[in-house]
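S.K.: Have a look at this one before I ask anything.
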Amino acid sequence: MSAQTELPQAASETTGSCCSPSGSCHGGDAAAETPQGAVTTVYEVTGMTCGHCEGAVSSEISEIAGVGSVEAVAATGLVTVVSAAPLDEEAVRAAVDEAGYELVGVKA
């Protein structure tokens with residue numbers, strides 16, 4: 001393969017970060033992927049400043065049983081969690097703490 005063949009492929013990839021252009025490590029909208037009967041809860045988390053922070057919080061919360069999807073947004077401090085049933089807030093708090101951030105509470 002020539003360098004010319006490889007350049008278009010490299011140009012189409014995201015450069016410099018594992019995150020999307022919006023700064024998120026996740027490309028989908030959690031609300032658009034909500035399965036029927038699922039529960040969507042929005043939590044407020046402090047300390048997130050970048051895509052890496054979003055990924056750390058999302059990863060820890062994703063490990064809680066019943067969680068279908070997680071979308072963390074550092075700019076707003078909001079974490080949207082879609083789960084099969086309501087989650088125990090203490091379990092979410094422990095996951096956020098494990099990631100190195102602080103759960104303020106559930107967004108009303």
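Naming scheme: A, B, ... for chains in displayed order of the structure tokens; residues 1 onward per chain; ligands 1 onward as shown.
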Need the shell around Gly68 in chain A: protein/DNA/RNA residues with any atom at most 8 Å away, counting only C-alpha atoms. Skip same-chain ones fewer than 6 positions apart. Format as an MDAnalysis selection string?

M.R.: chainID A and resid 62 81:84

S.K.: Please return as a list in words: the residues of range 40-98 of chain A that backbone DSSP assigns to helix (DSSP H, G or I).

M.R.: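 So, restricting range 40-98 of chain A to helix (DSSP H, G or I), we get Gly51, His52, Cys53, Glu54, Gly55, Ala56, Val57, Ser58, Ser59, Glu60, Ile61, Ser62, Glu89, Glu90, Ala91, Val92, Arg93, Ala94, Ala95, Val96, Asp97 and Glu98 of chain A.
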
S.K.: Those same residues, written as a PDB file, in the first residue's frame with N, CA, C and O atoms?

M.R.:
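Ended up saving to selection.pdb:
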ATOM      1  N   GLY A  51     -13.796  14.946  28.397  1.00  0.00           N
ATOM      2  CA  GLY A  51     -14.276  13.662  27.896  1.00  0.00           C
ATOM      3  C   GLY A  51     -13.758  12.484  28.684  1.00  0.00           C
ATOM      4  O   GLY A  51     -14.460  11.483  28.863  1.00  0.00           O
ATOM      5  N   HIS A  52     -12.525  12.584  29.162  1.00  0.00           N
ATOM      6  CA  HIS A  52     -11.979  11.502  29.976  1.00  0.00           C
ATOM      7  C   HIS A  52     -12.790  11.351  31.262  1.00  0.00           C
ATOM      8  O   HIS A  52     -13.095  10.235  31.690  1.00  0.00           O
ATOM      9  N   CYS A  53     -13.149  12.450  31.875  1.00  0.00           N
ATOM     10  CA  CYS A  53     -13.978  12.427  33.088  1.00  0.00           C
ATOM     11  C   CYS A  53     -15.328  11.762  32.793  1.00  0.00           C
ATOM     12  O   CYS A  53     -15.805  10.930  33.567  1.00  0.00           O
ATOM     13  N   GLU A  54     -15.916  12.154  31.672  1.00  0.00           N
ATOM     14  CA  GLU A  54     -17.200  11.570  31.275  1.00  0.00           C
ATOM     15  C   GLU A  54     -17.079  10.053  31.134  1.00  0.00           C
ATOM     16  O   GLU A  54     -17.952   9.300  31.573  1.00  0.00           O
ATOM     17  N   GLY A  55     -15.999   9.619  30.508  1.00  0.00           N
ATOM     18  CA  GLY A  55     -15.782   8.186  30.310  1.00  0.00           C
ATOM     19  C   GLY A  55     -15.594   7.436  31.614  1.00  0.00           C
ATOM     20  O   GLY A  55     -16.107   6.325  31.777  1.00  0.00           O
ATOM     21  N   ALA A  56     -14.871   8.039  32.558  1.00  0.00           N
ATOM     22  CA  ALA A  56     -14.634   7.390  33.851  1.00  0.00           C
ATOM     23  C   ALA A  56     -15.942   7.215  34.612  1.00  0.00           C
ATOM     24  O   ALA A  56     -16.228   6.138  35.149  1.00  0.00           O
ATOM     25  N   VAL A  57     -16.761   8.266  34.644  1.00  0.00           N
ATOM     26  CA  VAL A  57     -18.048   8.202  35.343  1.00  0.00           C
ATOM     27  C   VAL A  57     -18.967   7.197  34.650  1.00  0.00           C
ATOM     28  O   VAL A  57     -19.575   6.342  35.300  1.00  0.00           O
ATOM     29  N   SER A  58     -19.037   7.277  33.334  1.00  0.00           N
ATOM     30  CA  SER A  58     -19.898   6.363  32.571  1.00  0.00           C
ATOM     31  C   SER A  58     -19.494   4.912  32.776  1.00  0.00           C
ATOM     32  O   SER A  58     -20.350   4.041  32.954  1.00  0.00           O
ATOM     33  N   SER A  59     -18.206   4.656  32.768  1.00  0.00           N
ATOM     34  CA  SER A  59     -17.703   3.299  32.928  1.00  0.00           C
ATOM     35  C   SER A  59     -18.095   2.706  34.278  1.00  0.00           C
ATOM     36  O   SER A  59     -18.556   1.568  34.354  1.00  0.00           O
ATOM     37  N   GLU A  60     -17.921   3.479  35.329  1.00  0.00           N
ATOM     38  CA  GLU A  60     -18.251   2.979  36.674  1.00  0.00           C
ATOM     39  C   GLU A  60     -19.749   2.750  36.841  1.00  0.00           C
ATOM     40  O   GLU A  60     -20.173   1.731  37.381  1.00  0.00           O
ATOM     41  N   ILE A  61     -20.564   3.694  36.372  1.00  0.00           N
ATOM     42  CA  ILE A  61     -22.014   3.542  36.508  1.00  0.00           C
ATOM     43  C   ILE A  61     -22.513   2.386  35.651  1.00  0.00           C
ATOM     44  O   ILE A  61     -23.425   1.658  36.042  1.00  0.00           O
ATOM     45  N   SER A  62     -21.896   2.169  34.501  1.00  0.00           N
ATOM     46  CA  SER A  62     -22.300   1.075  33.605  1.00  0.00           C
ATOM     47  C   SER A  62     -22.159  -0.294  34.251  1.00  0.00           C
ATOM     48  O   SER A  62     -22.805  -1.253  33.832  1.00  0.00           O
ATOM     49  N   GLU A  89     -29.747   4.895  44.812  1.00  0.00           N
ATOM     50  CA  GLU A  89     -28.907   6.101  44.717  1.00  0.00           C
ATOM     51  C   GLU A  89     -27.540   5.892  45.368  1.00  0.00           C
ATOM     52  O   GLU A  89     -26.539   6.425  44.912  1.00  0.00           O
ATOM     53  N   GLU A  90     -27.487   5.093  46.428  1.00  0.00           N
ATOM     54  CA  GLU A  90     -26.204   4.835  47.093  1.00  0.00           C
ATOM     55  C   GLU A  90     -25.257   4.042  46.197  1.00  0.00           C
ATOM     56  O   GLU A  90     -24.046   4.225  46.245  1.00  0.00           O
ATOM     57  N   ALA A  91     -25.807   3.156  45.367  1.00  0.00           N
ATOM     58  CA  ALA A  91     -24.974   2.409  44.425  1.00  0.00           C
ATOM     59  C   ALA A  91     -24.397   3.351  43.375  1.00  0.00           C
ATOM     60  O   ALA A  91     -23.223   3.243  43.001  1.00  0.00           O
ATOM     61  N   VAL A  92     -25.218   4.283  42.910  1.00  0.00           N
ATOM     62  CA  VAL A  92     -24.750   5.268  41.932  1.00  0.00           C
ATOM     63  C   VAL A  92     -23.711   6.177  42.588  1.00  0.00           C
ATOM     64  O   VAL A  92     -22.661   6.464  42.007  1.00  0.00           O
ATOM     65  N   ARG A  93     -23.971   6.596  43.820  1.00  0.00           N
ATOM     66  CA  ARG A  93     -23.031   7.446  44.552  1.00  0.00           C
ATOM     67  C   ARG A  93     -21.674   6.752  44.701  1.00  0.00           C
ATOM     68  O   ARG A  93     -20.617   7.343  44.500  1.00  0.00           O
ATOM     69  N   ALA A  94     -21.705   5.462  45.046  1.00  0.00           N
ATOM     70  CA  ALA A  94     -20.466   4.696  45.212  1.00  0.00           C
ATOM     71  C   ALA A  94     -19.708   4.587  43.891  1.00  0.00           C
ATOM     72  O   ALA A  94     -18.476   4.695  43.858  1.00  0.00           O
ATOM     73  N   ALA A  95     -20.427   4.388  42.784  1.00  0.00           N
ATOM     74  CA  ALA A  95     -19.791   4.287  41.465  1.00  0.00           C
ATOM     75  C   ALA A  95     -19.142   5.613  41.072  1.00  0.00           C
ATOM     76  O   ALA A  95     -18.005   5.640  40.587  1.00  0.00           O
ATOM     77  N   VAL A  96     -19.850   6.708  41.291  1.00  0.00           N
ATOM     78  CA  VAL A  96     -19.316   8.037  40.965  1.00  0.00           C
ATOM     79  C   VAL A  96     -18.095   8.328  41.836  1.00  0.00           C
ATOM     80  O   VAL A  96     -17.082   8.845  41.359  1.00  0.00           O
ATOM     81  N   ASP A  97     -18.181   7.964  43.108  1.00  0.00           N
ATOM     82  CA  ASP A  97     -17.056   8.153  44.033  1.00  0.00           C
ATOM     83  C   ASP A  97     -15.846   7.335  43.576  1.00  0.00           C
ATOM     84  O   ASP A  97     -14.713   7.814  43.605  1.00  0.00           O
ATOM     85  N   GLU A  98     -16.084   6.117  43.144  1.00  0.00           N
ATOM     86  CA  GLU A  98     -15.006   5.242  42.662  1.00  0.00           C
ATOM     87  C   GLU A  98     -14.304   5.862  41.453  1.00  0.00           C
ATOM     88  O   GLU A  98     -13.097   5.714  41.276  1.00  0.00           O
TER      89      GLU A  98
END

S.K.: In Å to one decimal, how far is CA of Gly100 in chain A from CA of Leu78 in chain A?

M.R.: 15.3 Å

S.K.: Pick out the residues sitting within 8 Å of Lys107 in chain A, and hand them over as a PDB file with C-alpha atoms, in the first residue's frame; count only C-alpha atoms, and ignore anything fewer than 3 positions along from it in its own chain.

M.R.:
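What ended up in around22.pdb:
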ATOM      1  CA  THR A  41     -32.703   9.168  35.660  1.00  0.00           C
ATOM      2  CA  VAL A  42     -30.562  12.301  35.458  1.00  0.00           C
ATOM      3  CA  TYR A  43     -27.911  12.763  38.139  1.00  0.00           C
ATOM      4  CA  GLU A  44     -25.830  15.832  38.903  1.00  0.00           C
TER       5      GLU A  44
END

S.K.: Just to confirm, what's the straight-line distance from CA of Cys50 in chain A to CA of Ala108 in chain A in Å (one decimal)?

M.R.: 23.9 Å

S.K.: Would you mind listing what lies within 6 Å of Val45 in chain A as a PyMOL selection string, with only C-alpha atoms counted and same-chain residues fewer than 4 positions away left out?

M.R.: chain A and resi 77+102-104

S.K.: Using CA of Met48 in chain A and CA of Ala74 in chain A as the two end points, give the distance in Å to one decimal.

M.R.: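 About the pair CA of Met48 in chain A and CA of Ala74 in chain A: they are 4.9 Å apart.
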